[in-house]
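Enquirer: Before anything else, here's the structure in question.
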Amino acid sequence: MIPAMPASVAATHQSAHAVLRFGRFAVMGTVAVLILIAGVWASWGTAQHVMLTKGREHGTVDVTRCGAETCTGRYAPLSEGSQPRSRVVLERSVAVQKGRTYTVVVKPGSDDAVRSGPAGVLYAWIPLGGALLLASVVVAGGLLRTRAAWVMALSGVALLTAAFVSV
């Protein structure tokens, strides 16, 4: 027969358990939020040029050369005030191929261009899609919030799939 615990010991045990649960919730919540912030931060560097296009140079790029990390080509302007350029640089991805023409937005003060339109917007937010998938694992395992984790994971998969299909 197990002797009964004094009431003060049982109360101390319960409060310690509550503190540990709160600590786990706080740490895992912080990790999940940091993952999502990192995804937004990584995406925003490109997304701001694609989404906030007022006053930016719009045009097309005929890709003539692709290296290991970048592709280059001649820029033809579509917006007023934009000047033709003999060479602009696009980040190389599976979606950029030599000999094709892409609509782009030129980053201010540089010869760097990013894809525009729906494909460019979705492509810019790919890091957020990955962050949603990663954070969903933390939310499910660390916070024990399976519904929220499923919503996050499905949102990440939807974003990544839409980007893959559009690009």
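Identifiers in this document derive from the order of the structure tokens: chains are assigned A, B, ..., residues are numbered from 1 separately in each chain, and ligands are numbered from 1 in order of occurrence.
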Residues at most 9 Å from region 141-153 of chain A, counting only C-alpha atoms, excluding those fewer than 6 positions away in the same chain, as a list in words?
Expert: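 So, after excluding close chain neighbours, the residues are Arg24, Phe25, Ala26, Val27, Met28, Gly29, Gly129, Leu132, Leu133, Leu134 and Ala135 of chain A.
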Enquirer: Can I get the selection written as a JSON list (two decimals), in the first residue's frame, with N, CA, C and O atoms?
Expert:
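selection13.json, written as the output of this step:
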[["chain", "number", "residue", "atom", "x", "y", "z"],
["A", 24, "ARG", "N", 7.28, 24.78, -21.52],
["A", 24, "ARG", "CA", 7.29, 24.10, -22.82],
["A", 24, "ARG", "C", 6.47, 24.88, -23.84],
["A", 24, "ARG", "O", 6.90, 25.08, -24.98],
["A", 25, "PHE", "N", 5.32, 25.34, -23.42],
["A", 25, "PHE", "CA", 4.46, 26.12, -24.31],
["A", 25, "PHE", "C", 5.16, 27.41, -24.75],
["A", 25, "PHE", "O", 5.14, 27.76, -25.92],
["A", 26, "ALA", "N", 5.80, 28.10, -23.81],
["A", 26, "ALA", "CA", 6.48, 29.36, -24.13],
["A", 26, "ALA", "C", 7.66, 29.13, -25.08],
["A", 26, "ALA", "O", 7.83, 29.86, -26.06],
["A", 27, "VAL", "N", 8.46, 28.12, -24.81],
["A", 27, "VAL", "CA", 9.64, 27.85, -25.65],
["A", 27, "VAL", "C", 9.21, 27.41, -27.04],
["A", 27, "VAL", "O", 9.72, 27.92, -28.05],
["A", 28, "MET", "N", 8.31, 26.46, -27.13],
["A", 28, "MET", "CA", 7.89, 25.97, -28.45],
["A", 28, "MET", "C", 7.12, 27.04, -29.23],
["A", 28, "MET", "O", 7.25, 27.14, -30.45],
["A", 29, "GLY", "N", 6.34, 27.84, -28.53],
["A", 29, "GLY", "CA", 5.65, 28.95, -29.19],
["A", 29, "GLY", "C", 6.64, 29.95, -29.76],
["A", 29, "GLY", "O", 6.49, 30.44, -30.88],
["A", 129, "GLY", "N", 6.53, 29.40, -47.40],
["A", 129, "GLY", "CA", 5.91, 28.08, -47.51],
["A", 129, "GLY", "C", 6.71, 27.02, -46.76],
["A", 129, "GLY", "O", 6.15, 26.20, -46.04],
["A", 132, "LEU", "N", 6.27, 27.58, -43.04],
["A", 132, "LEU", "CA", 4.99, 27.06, -42.56],
["A", 132, "LEU", "C", 5.04, 25.56, -42.32],
["A", 132, "LEU", "O", 4.52, 25.06, -41.31],
["A", 133, "LEU", "N", 5.69, 24.85, -43.23],
["A", 133, "LEU", "CA", 5.81, 23.40, -43.05],
["A", 133, "LEU", "C", 6.65, 23.06, -41.82],
["A", 133, "LEU", "O", 6.28, 22.19, -41.02],
["A", 134, "LEU", "N", 7.76, 23.75, -41.66],
["A", 134, "LEU", "CA", 8.63, 23.48, -40.51],
["A", 134, "LEU", "C", 7.95, 23.86, -39.20],
["A", 134, "LEU", "O", 7.99, 23.12, -38.22],
["A", 135, "ALA", "N", 7.31, 25.01, -39.17],
["A", 135, "ALA", "CA", 6.65, 25.45, -37.94],
["A", 135, "ALA", "C", 5.47, 24.54, -37.59],
["A", 135, "ALA", "O", 5.17, 24.38, -36.41]]
Enquirer: Taking 3 positions as the minimum chain separation for residues in the same chain, which residues sit within 12 Å of region 42-48 of chain A when counting only C-alpha atoms? Answer as a PyMOL selection string.
Expert: chain A and resi 35-39+51-54+56+90-91+104-108+112-131
Enquirer: Apply DSSP to the backbone of this structure and, from region 16-149 of chain A, keep only the residues in strand (DSSP E or B); write these as a PyMOL selection string.
Expert: chain A and resi 57-66+70-77+85-91+101-106+112-115
Enquirer: Could you please write out, as a list in words, every residue of region 48-81 of chain A that DSSP assigns to helix (DSSP H, G or I)?
Expert: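 So the helix (DSSP H, G or I) residues in region 48-81 of chain A would be Gln48, His49, Val50 and Met51 of chain A.
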Enquirer: Write out the residues from the selection above, keeping N, CA and C atoms, as a short mmCIF file (atom, residue, chain, number, x, y, z; two decimals), in the first residue's frame.
Expert:
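New file part-v4.cif:
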data_model
loop_
_atom_site.label_atom_id
_atom_site.label_comp_id
_atom_site.auth_asym_id
_atom_site.auth_seq_id
_atom_site.Cartn_x
_atom_site.Cartn_y
_atom_site.Cartn_z
N GLN A 48 8.84 42.32 -51.79
CA GLN A 48 8.54 43.75 -51.76
C GLN A 48 8.65 44.38 -53.14
N HIS A 49 9.58 43.91 -53.95
CA HIS A 49 9.75 44.46 -55.29
C HIS A 49 8.64 44.01 -56.24
N VAL A 50 8.15 42.82 -56.01
CA VAL A 50 7.10 42.26 -56.87
C VAL A 50 5.73 42.78 -56.48
N MET A 51 5.50 42.96 -55.19
CA MET A 51 4.17 43.33 -54.73
C MET A 51 3.96 44.85 -54.66
#
Enquirer: I'd like the contact shell of Pro84 (chain A) - 12 Å cut-off, only C-alpha atoms, skipping same-chain residues fewer than 2 positions apart - returned as an NGL selection string.
Expert: :A and (57-62 or 73-82 or 86-88 or 106 or 111)
Enquirer: Calculate how many Å separate CA of Ala68 (chain A) from CA of Arg92 (chain A), rounding to one decimal.
Expert: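 Interatomic distance, CA of Ala68 (chain A) to CA of Arg92 (chain A): 7.4 Å.
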Enquirer: Which residues, written as a PyMOL selection string, have at least one atom at most 12 Å from Glu69 (chain A), with only C-alpha atoms counted and residues fewer than 3 positions away on the same chain left out?
Expert: chain A and resi 65-66+72+89-94+96
